[in-house]
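The file protein21.cif comes next; it holds mmCIF, C-alpha atoms.
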data_input
loop_
_atom_site.label_atom_id
_atom_site.label_comp_id
_atom_site.auth_asym_id
_atom_site.auth_seq_id
_atom_site.Cartn_x
_atom_site.Cartn_y
_atom_site.Cartn_z
CA MET K 9 11.09 -25.10 -2.28
CA ALA K 10 7.43 -26.06 -2.77
CA ALA K 11 6.27 -22.49 -3.41
CA SER K 12 8.38 -22.25 -6.57
CA ALA K 13 6.79 -25.34 -8.13
CA PRO K 14 5.17 -24.48 -11.45
CA ALA K 15 1.44 -23.97 -11.57
CA SER K 16 -0.61 -26.95 -12.61
CA PRO K 17 -2.11 -26.85 -16.13
CA GLN K 18 -5.39 -26.99 -14.20
CA PHE K 19 -4.61 -23.70 -12.47
CA LEU K 20 -8.27 -22.64 -12.30
CA ARG K 21 -9.30 -25.53 -10.06
CA ASP K 22 -10.05 -24.98 -6.40
CA PRO K 23 -6.80 -26.50 -5.02
CA GLU K 24 -4.68 -24.16 -7.15
CA LEU K 25 -6.89 -21.15 -6.36
CA ARG K 26 -6.67 -21.95 -2.64
CA ARG K 27 -2.89 -22.27 -2.90
CA GLY K 28 -2.69 -18.83 -4.52
CA LEU K 29 -4.93 -17.30 -1.87
CA GLU K 30 -2.86 -18.89 0.91
CA LEU K 31 0.42 -17.69 -0.61
CA LEU K 32 -1.01 -14.19 -0.96
CA TYR K 33 -2.14 -14.22 2.67
CA PHE K 34 1.10 -15.59 4.12
CA GLY K 35 3.29 -13.48 1.85
CA TYR K 36 1.50 -10.28 2.86
CA SER K 37 1.52 -11.30 6.51
CA HIS K 38 5.29 -11.78 6.52
CA LEU K 39 5.88 -8.67 4.44
CA THR K 40 4.03 -6.47 6.94
CA ARG K 41 5.11 -8.13 10.19
CA SER K 42 8.23 -6.04 10.88
CA ILE K 43 6.50 -2.89 9.65
CA ASP K 44 3.60 -3.57 12.02
CA ARG K 45 6.05 -3.93 14.94
CA ASP K 46 7.70 -0.59 14.16
CA LEU K 47 4.31 1.11 13.79
CA ALA K 48 3.01 -0.39 17.04
CA ALA K 49 6.08 0.85 18.92
CA GLN K 50 5.00 4.36 17.90
CA GLY K 51 1.33 3.80 18.62
CA LEU K 52 0.47 3.69 14.91
CA GLY K 53 -1.19 1.05 12.75
CA ARG K 54 -1.62 -0.05 9.15
CA ALA K 55 -4.06 2.74 8.31
CA HIS K 56 -1.38 5.25 9.32
CA HIS K 57 1.17 3.39 7.21
CA ARG K 58 -1.07 3.35 4.14
CA ALA K 59 -1.74 7.07 4.50
CA LEU K 60 1.97 7.84 4.88
CA TYR K 61 2.78 5.65 1.90
CA PHE K 62 0.29 7.22 -0.50
CA ILE K 63 0.94 10.79 0.64
CA GLY K 64 4.65 10.11 0.13
CA ARG K 65 3.97 8.63 -3.31
CA LYS K 66 1.95 11.62 -4.43
CA PRO K 67 2.72 14.84 -2.54
CA GLU K 68 -0.12 17.36 -2.69
CA LEU K 69 -2.62 14.50 -2.70
CA THR K 70 -6.05 15.77 -1.70
CA VAL K 71 -7.93 14.32 1.22
CA SER K 72 -10.63 13.21 -1.25
CA GLU K 73 -8.07 11.37 -3.40
CA LEU K 74 -6.61 9.66 -0.34
CA LEU K 75 -10.09 8.70 0.79
CA ALA K 76 -10.71 7.05 -2.60
CA LEU K 77 -7.35 5.22 -2.53
CA LEU K 78 -7.77 3.85 0.97
CA ALA K 79 -11.50 3.07 0.67
CA ILE K 80 -12.12 3.86 4.32
CA THR K 81 -14.70 6.10 5.96
CA LYS K 82 -14.20 9.86 6.27
CA GLN K 83 -14.29 9.43 10.03
CA SER K 84 -11.49 6.85 9.99
CA LEU K 85 -9.37 8.92 7.65
CA GLY K 86 -9.99 12.01 9.76
CA ARG K 87 -8.73 10.19 12.85
CA VAL K 88 -5.63 8.94 11.00
CA LEU K 89 -4.79 12.35 9.53
CA THR K 90 -5.35 14.07 12.88
CA GLU K 91 -2.94 11.67 14.60
CA LEU K 92 -0.34 12.01 11.84
CA GLY K 93 -0.66 15.80 11.95
CA GLU K 94 -0.36 15.93 15.75
CA ARG K 95 2.82 13.83 15.55
CA GLY K 96 4.31 16.19 12.98
CA LEU K 97 4.35 13.57 10.22
CA VAL K 98 1.83 15.10 7.79
CA GLU K 99 0.98 18.69 7.00
CA THR K 100 -2.17 19.98 5.36
CA ARG K 101 -2.67 23.15 3.37
CA PRO K 102 -5.56 24.57 1.35
CA GLY K 103 -5.65 24.10 -2.41
CA GLU K 104 -4.44 26.86 -4.72
CA ARG K 105 -7.59 27.09 -6.87
CA ASP K 106 -10.11 25.64 -4.45
CA ARG K 107 -9.42 26.76 -0.89
CA ARG K 108 -11.81 24.08 0.41
CA GLN K 109 -9.44 21.38 -0.84
CA ARG K 110 -6.97 20.05 1.68
CA LEU K 111 -3.63 19.10 0.17
CA LEU K 112 -1.46 16.63 2.05
CA ARG K 113 2.31 16.42 2.24
CA LEU K 114 4.73 14.52 4.43
CA THR K 115 6.88 16.57 6.77
CA PRO K 116 10.60 15.71 6.87
CA ALA K 117 9.87 13.47 9.89
CA GLY K 118 6.99 11.83 8.02
CA ALA K 119 9.16 11.28 4.95
CA ALA K 120 11.88 9.71 7.10
CA LEU K 121 9.39 7.34 8.76
CA GLU K 122 7.76 6.39 5.45
CA SER K 123 11.19 5.79 3.91
CA SER K 124 12.23 3.57 6.81
CA LEU K 125 9.03 1.53 6.59
CA PHE K 126 9.30 1.25 2.80
CA GLU K 127 12.91 0.07 3.07
CA GLN K 128 11.79 -2.94 5.12
CA ALA K 129 9.27 -3.90 2.46
CA ARG K 130 11.65 -3.04 -0.39
CA GLN K 131 14.29 -5.46 0.82
CA ARG K 132 11.83 -8.37 1.07
CA ILE K 133 10.12 -7.61 -2.24
CA ALA K 134 13.43 -7.11 -4.07
CA ALA K 135 14.73 -10.45 -2.78
CA ALA K 136 11.52 -12.24 -3.80
CA TYR K 137 11.56 -10.56 -7.25
CA ALA K 138 15.20 -11.56 -7.75
CA ARG K 139 14.39 -15.20 -6.94
CA ALA K 140 11.34 -15.22 -9.21
CA GLY K 141 12.79 -13.43 -12.24
CA GLN K 142 11.37 -10.78 -14.54
CA HIS K 143 8.78 -12.99 -16.27
CA ALA K 144 7.33 -14.17 -12.96
CA VAL K 145 7.21 -10.60 -11.61
CA SER K 146 5.29 -9.44 -14.68
CA GLY K 147 2.86 -12.34 -14.24
CA PHE K 148 2.46 -11.54 -10.54
CA TRP K 149 1.67 -7.89 -11.36
CA THR K 150 -0.87 -9.03 -13.94
CA VAL K 151 -2.61 -11.26 -11.40
CA LEU K 152 -2.68 -8.55 -8.73
CA GLU K 153 -3.96 -5.99 -11.23
CA GLY K 154 -6.68 -8.46 -12.18
CA LEU K 155 -7.87 -8.42 -8.56
CA VAL K 156 -8.45 -4.65 -8.75
CA PRO K 157 -11.83 -3.69 -10.22
CA GLU K 158 -11.52 -2.04 -13.63
CA ALA K 159 -13.06 1.19 -12.30
CA GLU K 160 -10.28 1.52 -9.69
CA ARG K 161 -7.28 0.75 -11.92
CA ALA K 162 -6.92 4.44 -12.76
CA ASN K 163 -5.72 4.89 -9.16
CA ILE K 164 -2.73 2.67 -9.93
CA VAL K 165 -1.92 4.57 -13.11
CA ALA K 166 -2.18 7.92 -11.31
CA LEU K 167 0.45 6.84 -8.77
CA SER K 168 2.99 5.88 -11.42
CA GLY K 169 2.68 9.07 -13.45
#
Output the structure of this file as structure tokens.
Amino acid sequence: MAASAPASPQFLRDPELRRGLELLYFGYSHLTRSIDRDLAAQGLGRAHHRALYFIGRKPELTVSELLALLAITKQSLGRVLTELGERGLVETRPGERDRRQRLLRLTPAGAALESSLFEQARQRIAAAYARAGQHAVSGFWTVLEGLVPEAERANIVALSG
């Protein structure tokens, strides 16, 4: 398979950089294709999926934290959260210490949908990781992390802890 060919020693030249960009594009496109179909069948889109994913990853996430993670406008997030709430997928409650805070949590239906969508991605990613091996996966993570601005890397750490 051509994609598994080792990187050229001149990996910082334009042809190699373009190859990486193309693989990233096509890989992401294929990863999200079946998820997009399932979302569309329910009248939902990628913004809904991202919100479900991050709320599921960190229950009690504040609206402000989600806004920072998704890097979308307040208006867009408001629309997404309203739709998810109306469908019974996300619930909102005021914060314990600051009643102005809005804490987000998936409902059982929201958790089931998020789990189903994640399973589709999990299967594809697990198969790709298994083919690539541990060293390649670590390198892939390093490259992706390098694409995230230093100031935003704390968001990644916060999700894993």
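Among K:Leu32, K:Leu121, K:Leu69, K:Ala79, the residue with the shortest atom-to-atom distance to K:Gln50, counting all atoms listed in the file, is K:Leu121.
Distance annotation: of K:Pro17, K:Pro23, K:Gly96, K:Gly28, the residue with the minimal separation from K:Leu152 is K:Gly28; atom set is only C-alpha atoms.
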Name the residues captured by the PyMOL selection byres ((chain K and resi 95) around 12) when it is applied to the shown file; answer as an mmCIF file with C-alpha atoms, in the frame of the given file.
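Heads up, here's the output in result-v6.cif:
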data_model
loop_
_atom_site.group_PDB
_atom_site.id
_atom_site.type_symbol
_atom_site.label_atom_id
_atom_site.label_comp_id
_atom_site.auth_asym_id
_atom_site.auth_seq_id
_atom_site.Cartn_x
_atom_site.Cartn_y
_atom_site.Cartn_z
ATOM 1 C CA GLN K 50 5.000 4.360 17.900
ATOM 2 C CA GLY K 51 1.330 3.800 18.620
ATOM 3 C CA LEU K 52 0.470 3.690 14.910
ATOM 4 C CA HIS K 56 -1.380 5.250 9.320
ATOM 5 C CA VAL K 88 -5.630 8.940 11.000
ATOM 6 C CA LEU K 89 -4.790 12.350 9.530
ATOM 7 C CA THR K 90 -5.350 14.070 12.880
ATOM 8 C CA GLU K 91 -2.940 11.670 14.600
ATOM 9 C CA LEU K 92 -0.340 12.010 11.840
ATOM 10 C CA GLY K 93 -0.660 15.800 11.950
ATOM 11 C CA GLU K 94 -0.360 15.930 15.750
ATOM 12 C CA GLY K 96 4.310 16.190 12.980
ATOM 13 C CA LEU K 97 4.350 13.570 10.220
ATOM 14 C CA VAL K 98 1.830 15.100 7.790
ATOM 15 C CA GLU K 99 0.980 18.690 7.000
ATOM 16 C CA LEU K 114 4.730 14.520 4.430
ATOM 17 C CA THR K 115 6.880 16.570 6.770
ATOM 18 C CA PRO K 116 10.600 15.710 6.870
ATOM 19 C CA ALA K 117 9.870 13.470 9.890
ATOM 20 C CA GLY K 118 6.990 11.830 8.020
ATOM 21 C CA LEU K 121 9.390 7.340 8.760
#
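Atom CA of K:Ala135 is positioned 16.3 Å from atom CA of K:Arg41.
Across the model, the gap from atom CA of K:Leu125 to atom CA of K:Leu111 is 22.6 Å.
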Task: Gap from atom CA of K:Gly86 to atom CA of K:Leu112 - Å, one decimal - done: 12.4 Å
TODO: Starting from the displayed file, determine the output of the PyMOL selection byres ((chain K and resi 156-166) around 10) and express the residue list as number ranges by chain.
DONE: K: 66, 73, 76-77, 151-155, 167-169
TODO: Determine the residue set returned by the PyMOL selection byres ((chain K and resi 42) around 12) for the present structure, and present it as a ChimeraX atom specification.
DONE: /K:36-41,43-49,53-54,124-129,131-132
